[in-house]
file target-v3.txt (compact mmCIF, C-alpha atoms)
# COMPACT_ATOMS: atom_id res chain seq x y z
CA MET A 1 11.66 5.55 -21.24
CA THR A 2 9.38 8.26 -22.57
CA VAL A 3 9.04 11.00 -19.94
CA SER A 4 5.40 11.57 -18.97
CA ALA A 5 3.53 13.68 -16.42
CA GLN A 6 4.86 11.64 -13.51
CA ASP A 7 8.54 12.36 -14.08
CA TYR A 8 9.92 10.67 -10.95
CA VAL A 9 10.36 7.28 -9.29
CA ASP A 10 10.22 6.71 -5.52
CA LEU A 11 13.18 4.37 -5.05
CA VAL A 12 13.03 4.03 -1.24
CA LYS A 13 10.16 4.54 1.20
CA ILE A 14 10.32 3.87 4.96
CA GLY A 15 7.48 4.33 7.45
CA PHE A 16 6.91 4.01 11.20
CA GLY A 17 3.39 4.28 12.63
CA ARG A 18 1.28 3.68 15.73
CA THR A 19 -2.40 3.91 16.57
CA PHE A 20 -3.37 5.75 19.74
CA GLN A 21 -5.98 3.23 20.88
CA ASN A 22 -8.04 0.38 19.42
CA THR A 23 -10.87 -0.95 21.57
CA PHE A 24 -12.49 -4.37 21.26
CA GLU A 25 -16.17 -4.32 20.35
CA GLU A 26 -18.52 -5.58 23.12
CA THR A 27 -15.46 -6.79 25.06
CA PRO A 28 -13.42 -4.88 27.69
CA GLY A 29 -9.88 -4.15 26.68
CA GLU A 30 -7.87 -2.29 24.10
CA THR A 31 -4.74 -2.61 22.01
CA GLN A 32 -2.42 -0.54 19.86
CA VAL A 33 -1.10 -1.31 16.40
CA GLN A 34 2.56 -0.54 15.79
CA SER A 35 3.70 -0.69 12.17
CA VAL A 36 7.01 -0.66 10.32
CA GLU A 37 7.13 -0.50 6.52
CA ALA A 38 9.95 -0.42 3.98
CA ASP A 39 9.74 -0.40 0.20
CA LEU A 40 12.53 -0.55 -2.37
CA THR A 41 12.02 -0.14 -6.13
CA PHE A 42 14.87 -0.61 -8.61
CA PRO A 43 14.00 -0.08 -12.29
CA ILE A 44 16.46 -1.32 -14.92
CA VAL A 45 16.23 0.41 -18.30
CA LEU A 46 16.60 -2.07 -21.18
CA ASN A 47 16.05 0.35 -24.07
CA GLU A 48 14.05 3.48 -24.88
CA ASN A 49 10.75 1.53 -24.73
CA ASN A 50 11.25 -1.17 -22.09
CA ALA A 51 12.40 -1.38 -18.48
CA LEU A 52 12.48 -4.13 -15.89
CA ILE A 53 10.92 -3.39 -12.51
CA SER A 54 12.44 -5.05 -9.46
CA GLY A 55 12.20 -4.41 -5.77
CA LEU A 56 11.25 -5.59 -2.32
CA SER A 57 8.70 -4.47 0.26
CA TYR A 58 8.47 -5.38 3.94
CA SER A 59 5.94 -4.71 6.68
CA ARG A 60 5.47 -5.60 10.35
CA ASN A 61 2.32 -5.02 12.40
CA HIS A 62 2.49 -5.59 16.16
CA LEU A 63 -0.75 -5.89 18.17
CA GLN A 64 -3.06 -7.98 20.36
CA LEU A 65 -5.66 -9.95 18.40
CA ALA A 66 -7.88 -10.39 21.49
CA PRO A 67 -8.05 -8.96 25.05
CA ASN A 68 -5.63 -10.32 27.64
CA THR A 69 -3.48 -12.11 25.06
CA THR A 70 0.16 -11.66 24.15
CA PHE A 71 1.15 -9.30 21.37
CA VAL A 72 1.86 -10.91 18.01
CA SER A 73 3.89 -9.62 15.08
CA LEU A 74 2.52 -10.09 11.58
CA TYR A 75 5.18 -9.89 8.86
CA SER A 76 4.98 -9.62 5.09
CA THR A 77 7.89 -9.65 2.62
CA THR A 78 7.04 -9.15 -1.04
CA LEU A 79 9.25 -9.43 -4.11
CA LYS A 80 8.45 -7.11 -7.02
CA LEU A 81 9.34 -8.32 -10.50
CA GLY A 82 7.84 -6.96 -13.70
CA VAL A 83 8.20 -4.97 -16.89
CA ALA A 84 7.16 -1.51 -18.08
CA THR A 85 6.65 -0.98 -21.80
CA THR A 86 6.00 2.22 -23.76
CA PHE A 87 4.25 1.65 -27.09
CA ASN A 88 4.07 5.27 -28.29
CA ASP A 89 3.68 8.78 -26.89
CA ARG A 90 0.15 7.92 -25.62
CA TRP A 91 0.01 4.29 -24.47
CA SER A 92 2.13 2.28 -22.03
CA THR A 93 1.74 -0.72 -19.72
CA THR A 94 3.13 -1.96 -16.42
CA ILE A 95 2.87 -5.61 -15.38
CA VAL A 96 4.31 -6.73 -12.03
CA ALA A 97 4.29 -10.09 -10.21
CA LEU A 98 4.14 -9.90 -6.40
CA PRO A 99 5.09 -13.18 -4.69
CA LYS A 100 5.22 -12.85 -0.90
CA ILE A 101 5.66 -14.63 2.42
CA ALA A 102 3.19 -13.46 5.08
CA SER A 103 2.86 -14.89 8.59
CA ASP A 104 4.15 -14.50 12.13
CA TYR A 105 7.44 -15.96 10.78
CA GLY A 106 7.55 -18.44 13.65
CA ASN A 107 7.69 -21.54 11.46
CA ILE A 108 7.76 -20.60 7.78
CA THR A 109 6.35 -23.22 5.40
CA GLY A 110 4.81 -23.28 1.95
CA ASP A 111 1.48 -22.28 3.52
CA ASP A 112 2.94 -18.82 4.17
CA PHE A 113 3.65 -18.22 0.47
CA TYR A 114 1.15 -16.27 -1.66
CA LEU A 115 1.26 -15.09 -5.26
CA GLY A 116 -0.23 -11.86 -6.52
CA GLY A 117 0.31 -9.17 -9.10
CA PHE A 118 -1.13 -6.25 -10.99
CA ALA A 119 -1.38 -4.98 -14.56
CA LEU A 120 -1.92 -1.36 -15.64
CA LEU A 121 -2.68 0.23 -18.99
CA LYS A 122 -1.77 3.93 -19.07
CA TYR A 123 -3.04 6.59 -21.48
CA GLN A 124 -1.36 9.98 -21.57
CA LYS A 125 -4.22 12.35 -22.35
CA LYS A 126 -2.19 15.54 -21.99
CA GLU A 127 1.35 16.54 -21.08
CA ARG A 128 0.49 16.54 -17.37
CA LEU A 129 -2.43 14.11 -17.26
CA ILE A 130 -2.33 10.29 -17.35
CA TYR A 131 -5.26 7.89 -17.04
CA ARG A 132 -4.79 4.38 -15.60
CA PHE A 133 -6.85 1.22 -16.05
CA GLY A 134 -5.97 -2.17 -14.64
CA ALA A 135 -6.49 -4.87 -12.05
CA TYR A 136 -4.86 -6.34 -8.95
CA GLY A 137 -5.19 -9.94 -7.78
CA SER A 138 -3.73 -12.13 -5.05
CA GLN A 139 -4.20 -15.61 -3.65
CA GLU A 140 -4.59 -15.27 0.13
CA ALA A 141 -5.25 -17.55 3.10
CA PHE A 142 -8.94 -16.64 2.83
CA GLY A 143 -9.13 -17.28 -0.94
CA PHE A 144 -8.66 -15.27 -4.10
CA PHE A 145 -8.96 -11.49 -3.91
CA THR A 146 -9.12 -9.11 -6.88
CA THR A 147 -10.03 -5.52 -7.58
CA PRO A 148 -10.15 -3.28 -10.66
CA ILE A 149 -7.93 -0.21 -10.69
CA ILE A 150 -9.14 3.06 -12.18
CA GLY A 151 -7.27 6.29 -11.71
CA TRP A 152 -5.22 9.17 -13.01
CA TYR A 153 -2.12 11.23 -12.37
CA TYR A 154 -2.30 15.03 -12.73
CA LEU A 155 0.31 17.73 -12.18
CA SER A 156 -0.56 21.40 -12.47
CA GLU A 157 1.34 23.63 -14.87
CA ASN A 158 3.21 25.34 -12.03
CA GLN A 159 4.07 21.86 -10.60
CA LYS A 160 2.63 22.72 -7.18
CA PHE A 161 -0.68 20.79 -7.18
CA GLU A 162 -0.51 17.01 -7.65
CA MET A 163 -3.11 14.23 -7.75
CA ASP A 164 -2.06 10.56 -7.80
CA VAL A 165 -5.20 8.39 -7.78
CA SER A 166 -5.54 4.61 -8.14
CA LEU A 167 -9.04 3.73 -6.90
CA PRO A 168 -10.00 1.84 -4.80
CA ILE A 169 -6.45 1.20 -3.52
CA ALA A 170 -4.72 4.54 -3.02
CA THR A 171 -5.07 8.31 -3.40
CA ASP A 172 -2.58 11.12 -2.74
CA ILE A 173 -3.51 14.79 -3.23
CA ASN A 174 -1.02 17.47 -2.25
CA TYR A 175 0.00 21.09 -2.76
CA ARG A 176 3.55 22.40 -2.46
CA PHE A 177 4.51 25.67 -0.77
CA GLY A 178 8.23 25.84 -1.49
CA ALA A 179 10.02 23.52 0.93
CA LEU A 180 6.75 22.38 2.54
CA SER A 181 3.81 20.41 1.14
CA VAL A 182 0.41 19.65 2.65
CA GLY A 183 -1.62 16.71 1.52
CA LEU A 184 -4.40 14.19 1.99
CA ASP A 185 -4.04 10.49 1.29
CA TYR A 186 -6.01 7.27 1.42
CA TYR A 187 -4.79 3.68 1.38
CA GLY A 188 -6.95 0.55 1.30
CA ILE A 189 -5.37 -2.83 1.91
CA GLY A 190 -6.50 -6.44 2.11
CA ARG A 191 -4.04 -9.21 3.00
CA SER A 192 -3.64 -12.30 5.19
CA PHE A 193 -1.08 -13.78 7.57
CA ASN A 194 -0.68 -17.36 8.77
CA LEU A 195 -0.28 -17.90 12.52
CA THR A 196 2.17 -20.72 13.19
CA GLU A 197 3.39 -20.30 16.78
CA ALA A 198 1.69 -21.67 19.91
CA PRO A 199 -0.85 -20.96 21.31
CA THR A 200 -2.33 -19.98 17.93
CA PRO A 201 -1.39 -22.66 15.38
CA GLN A 202 -3.61 -23.53 12.43
CA LEU A 203 -5.11 -20.05 12.33
CA TYR A 204 -4.77 -17.05 10.00
CA VAL A 205 -5.46 -13.33 10.16
CA ASP A 206 -7.56 -11.61 7.50
CA LEU A 207 -6.60 -7.92 7.50
CA SER A 208 -8.76 -5.31 5.82
CA SER A 209 -7.71 -1.76 6.57
CA LEU A 210 -8.72 1.66 5.27
CA GLU A 211 -6.42 4.54 6.17
CA PHE A 212 -7.37 8.21 5.78
CA ALA A 213 -4.75 10.81 6.69
CA SER A 214 -3.57 14.37 6.29
CA TYR A 215 0.13 15.12 6.22
CA LEU A 216 2.79 17.79 6.34
CA GLN A 217 5.86 17.15 4.22
CA TYR A 218 9.31 18.72 4.18
CA ASN A 219 10.98 18.63 0.75
CA ALA A 220 14.72 18.39 1.29
CA PHE A 221 17.70 18.30 -1.09
CA ASP A 222 15.86 19.73 -4.11
CA ARG A 223 12.80 17.51 -3.40
CA GLN A 224 14.83 14.31 -3.55
CA VAL A 225 14.27 13.46 0.13
CA LEU A 226 10.72 13.82 1.46
CA LEU A 227 10.06 13.75 5.22
CA ARG A 228 6.37 13.29 5.97
CA GLY A 229 4.37 13.40 9.23
CA LYS A 230 0.86 11.94 8.97
CA LEU A 231 -2.17 12.03 11.25
CA GLY A 232 -5.26 10.05 10.39
CA TYR A 233 -7.78 7.30 11.09
CA SER A 234 -7.47 3.60 10.26
CA SER A 235 -10.13 0.87 10.42
CA ASN A 236 -7.56 -1.81 11.42
CA ASN A 237 -9.86 -4.84 11.13
CA TYR A 238 -7.80 -7.94 12.01
CA GLU A 239 -10.07 -11.01 11.77
CA VAL A 240 -8.89 -14.44 12.98
CA TYR A 241 -10.14 -17.64 11.32
CA GLN A 242 -9.31 -21.33 11.27
CA GLN A 243 -6.98 -22.29 8.43
CA GLY A 244 -8.96 -23.89 5.63
CA GLU A 245 -12.01 -21.65 6.07
CA THR A 246 -12.20 -19.55 2.92
CA ILE A 247 -14.51 -17.41 0.84
CA ASP A 248 -15.49 -18.06 -2.78
CA LEU A 249 -14.21 -14.70 -4.03
CA GLY A 250 -13.13 -11.33 -2.71
CA LEU A 251 -13.97 -8.53 -5.15
CA SER A 252 -12.91 -5.07 -4.01
CA ALA A 253 -14.94 -4.39 -0.82
CA PHE A 254 -17.25 -7.41 -1.30
CA SER A 255 -16.90 -11.04 -0.19
CA PHE A 256 -18.86 -13.80 -1.91
CA GLY A 257 -19.53 -17.16 -0.30
CA ASP A 258 -18.30 -16.09 3.13
CA ASP A 259 -19.60 -18.46 5.84
CA ARG A 260 -16.49 -18.40 8.05
CA THR A 261 -16.62 -18.31 11.86
CA ARG A 262 -14.66 -15.44 13.34
CA LEU A 263 -12.58 -16.41 16.39
CA ASN A 264 -11.69 -13.02 17.88
CA PRO A 265 -13.66 -9.88 18.84
CA VAL A 266 -14.05 -7.02 16.39
CA ILE A 267 -11.14 -4.59 16.72
CA ASN A 268 -12.42 -1.04 16.34
CA GLY A 269 -10.55 1.49 14.27
CA GLY A 270 -8.48 4.26 15.77
CA PHE A 271 -6.51 7.40 15.10
CA PHE A 272 -2.85 6.97 14.17
CA PHE A 273 0.38 8.87 13.66
CA LYS A 274 2.95 7.87 11.06
CA PHE A 275 6.33 9.17 9.97
CA GLU A 276 7.55 8.45 6.43
CA ALA A 277 10.84 9.12 4.66
CA ILE A 278 11.04 8.87 0.85
CA TYR A 279 13.95 9.02 -1.54
CA ARG A 280 12.64 10.28 -4.89
CA PHE A 281 14.62 10.12 -8.14
CA HIS A 282 13.57 12.79 -10.66
CA LEU A 283 13.74 11.87 -14.34
CA THR A 284 13.88 15.52 -15.38
CA PRO A 285 15.40 18.55 -13.61
CA ASN A 286 13.23 20.24 -10.96
CA ASP A 287 11.79 23.65 -11.65

call {"tool": "encode", "arguments": {"input": "target-v3.txt", "output": "structure tokens"}}
result
Amino acid sequence: MTVSAQDYVDLVKIGFGRTFQNTFEETPGETQVQSVEADLTFPIVLNENNALISGLSYSRNHLQLAPNTTFVSLYSTTLKLGVATTFNDRWSTTIVALPKIASDYGNITGDDFYLGGFALLKYQKKERLIYRFGAYGSQEAFGFFTTPIIGWYYLSENQKFEMDVSLPIATDINYRFGALSVGLDYYGIGRSFNLTEAPTPQLYVDLSSLEFASYLQYNAFDRQVLLRGKLGYSSNNYEVYQQGETIDLGLSAFSFGDDRTRLNPVINGGFFFKFEAIYRFHLTPND
């Protein structure tokens, strides 16, 4: 594949996180959210212009959805399958399907299966600057959700300052000081999980979360292994609804035709700590 400004692929990413405290709005009590995340990407080069993209991602969130209730675990396992195509030295595309199973995994059925995906068109403006335009969409328990994607990737000439932006989903801005890097990142997520185990059958969780964090990163083994400690704030809004109650359309941060009845108290956001380990494969030698 044609080498562009972003001359690496993150093949493996593992994360462990925990919020310090999440209170319930207008209701006594509090909870914590413990998270485990793992992501594997395995590109297969077909020829100089085309590559298959395969992989798997997994997440687990463990929390109380209401005061004085048992903790539940919400799981999501997503298969990544797509293709990346380079048309010339300026234009390229990436199209990836994202089928997943998301629930408490107590009694997995077809209702726990959701299909999503994204498509990106990339334009390489300069040697170290790429613009991205695309869209993400997914069928969820609450209905269909979609969002446009607009962003860019920039790497400074000395390869120390980096910006990786895909609004409104994710942003990562960092600066490298030798073996250490400092950075700021943002991640916005919307997904759903079916609840199948007693005493909560026939319900689902609508998760919308915005995470803002700063981090300190150690770049080991010639920047192939990245060890990252993050401290930030997450909205952590886990809303419980009866299965079958849906919205007409979710578009980015907006919901249209939403007349659902929420069944649990509002869970307030909280500060969190997260540790991440990344294995990064460089397409060109490091400077």

call {"tool": "closest_atom_pairs", "arguments": {"input": "target-v3.txt", "of": "stretch 157-262 of chain A", "to": "stretch 96-101 of chain A", "cutoff": "12 Å", "atoms": "all atoms listed in the file", "output": "JSON lines"}}
result
{"residue": "A:Arg191", "atom": "CA", "partner": "A:Lys100", "partner_atom": "CA", "distance": 10.7}
{"residue": "A:Ser192", "atom": "CA", "partner": "A:Ile101", "partner_atom": "CA", "distance": 10.0}
{"residue": "A:Phe193", "atom": "CA", "partner": "A:Ile101", "partner_atom": "CA", "distance": 8.5}
{"residue": "A:Asn194", "atom": "CA", "partner": "A:Ile101", "partner_atom": "CA", "distance": 9.4}

call {"tool": "closest_residue", "arguments": {"input": "target-v3.txt", "among": "A:Gln6, A:Gln243, A:Thr77, A:Ser54", "to": "A:Phe42", "atoms": "only C-alpha atoms"}}
result
A:Ser54

call {"tool": "closest_residue", "arguments": {"input": "target-v3.txt", "among": "A:Glu26, A:Asp7, A:Asp104, A:Asp206", "to": "A:Phe71", "atoms": "all atoms listed in the file"}}
result
A:Asp104

call {"tool": "residues_near_point", "arguments": {"input": "target-v3.txt", "point": "(16.4, 14.9, -4.6)", "cutoff": "9 Å", "atoms": "all atoms listed in the file", "output": "PyMOL selection string"}}
result
chain A and resi 219-226+279-282+286

call {"tool": "residues_around", "arguments": {"input": "target-v3.txt", "residues": "stretch 140-149 of chain A", "least_positions_apart": "3", "cutoff": "10 Å", "atoms": "all atoms listed in the file", "output": "number ranges by chain"}}
result
A: 102, 111-121, 132-137, 165-170, 190-194, 203-206, 241-255, 258, 260

call {"tool": "closest_residue", "arguments": {"input": "target-v3.txt", "among": "A:Ile267, A:Ile53, A:Leu184, A:Ala179", "to": "A:Met163", "atoms": "all atoms listed in the file"}}
result
A:Leu184

call {"tool": "residues_around", "arguments": {"input": "target-v3.txt", "residues": "A:Lys230", "least_positions_apart": "2", "cutoff": "12 Å", "atoms": "all atoms listed in the file", "output": "ChimeraX atom specification"}}
result
/A:15-19,181-186,211-218,227-228,232-234,271-277

call {"tool": "residues_around", "arguments": {"input": "target-v3.txt", "residues": "A:Leu129", "least_positions_apart": "4", "cutoff": "10 Å", "atoms": "all atoms listed in the file", "output": "list in words"}}
result
Ser4, Ala5, Gln6, Tyr123, Gln124, Lys125, Trp152, Tyr153, Tyr154, Leu155, Ser156 and Met163 of chain A

call {"tool": "axis_aligned_box", "arguments": {"input": "target-v3.txt", "around": "stretch 201-213 of chain A", "padding_each_side": "4 Å", "output": "lines of an AutoDock Vina configuration file"}}
result
center_x = -5.1
center_y = -6.4
center_z = 10.3
size_x = 15.4
size_y = 42.3
size_z = 18.1

call {"tool": "build_atoms", "arguments": {"input": "target-v3.txt", "residues": "stretch 44-60 of chain A", "atoms": "N, CA and C atoms", "output": "short mmCIF file (atom, residue, chain, number, x, y, z; two decimals), keeping the file's coordinate frame"}}
result
data_model
loop_
_atom_site.label_atom_id
_atom_site.label_comp_id
_atom_site.auth_asym_id
_atom_site.auth_seq_id
_atom_site.Cartn_x
_atom_site.Cartn_y
_atom_site.Cartn_z
N ILE A 44 15.29 -1.08 -14.07
CA ILE A 44 16.46 -1.32 -14.92
C ILE A 44 16.06 -1.03 -16.36
N VAL A 45 16.59 0.02 -16.94
CA VAL A 45 16.23 0.41 -18.30
C VAL A 45 16.91 -0.54 -19.30
N LEU A 46 16.08 -1.17 -20.15
CA LEU A 46 16.60 -2.07 -21.18
C LEU A 46 16.87 -1.33 -22.47
N ASN A 47 15.92 -0.50 -22.89
CA ASN A 47 16.05 0.35 -24.07
C ASN A 47 15.06 1.49 -23.93
N GLU A 48 14.89 2.28 -24.99
CA GLU A 48 14.05 3.48 -24.88
C GLU A 48 12.57 3.15 -24.66
N ASN A 49 12.16 1.89 -24.87
CA ASN A 49 10.75 1.53 -24.73
C ASN A 49 10.47 0.51 -23.64
N ASN A 50 11.48 -0.09 -23.05
CA ASN A 50 11.25 -1.17 -22.09
C ASN A 50 12.17 -1.03 -20.88
N ALA A 51 11.62 -1.38 -19.72
CA ALA A 51 12.40 -1.38 -18.48
C ALA A 51 11.91 -2.51 -17.58
N LEU A 52 12.83 -3.16 -16.91
CA LEU A 52 12.48 -4.13 -15.89
C LEU A 52 12.19 -3.41 -14.58
N ILE A 53 11.25 -3.94 -13.81
CA ILE A 53 10.92 -3.39 -12.51
C ILE A 53 11.23 -4.44 -11.46
N SER A 54 12.11 -4.13 -10.54
CA SER A 54 12.44 -5.05 -9.46
C SER A 54 12.36 -4.31 -8.14
N GLY A 55 12.26 -5.06 -7.06
CA GLY A 55 12.20 -4.41 -5.77
C GLY A 55 11.74 -5.35 -4.68
N LEU A 56 11.62 -4.81 -3.49
CA LEU A 56 11.25 -5.59 -2.32
C LEU A 56 10.48 -4.68 -1.37
N SER A 57 9.43 -5.22 -0.76
CA SER A 57 8.70 -4.47 0.26
C SER A 57 8.53 -5.34 1.50
N TYR A 58 8.53 -4.68 2.65
CA TYR A 58 8.47 -5.38 3.94
C TYR A 58 7.55 -4.61 4.87
N SER A 59 6.78 -5.35 5.67
CA SER A 59 5.94 -4.71 6.68
C SER A 59 5.87 -5.57 7.92
N ARG A 60 5.66 -4.92 9.06
CA ARG A 60 5.47 -5.60 10.35
C ARG A 60 4.40 -4.86 11.12
#
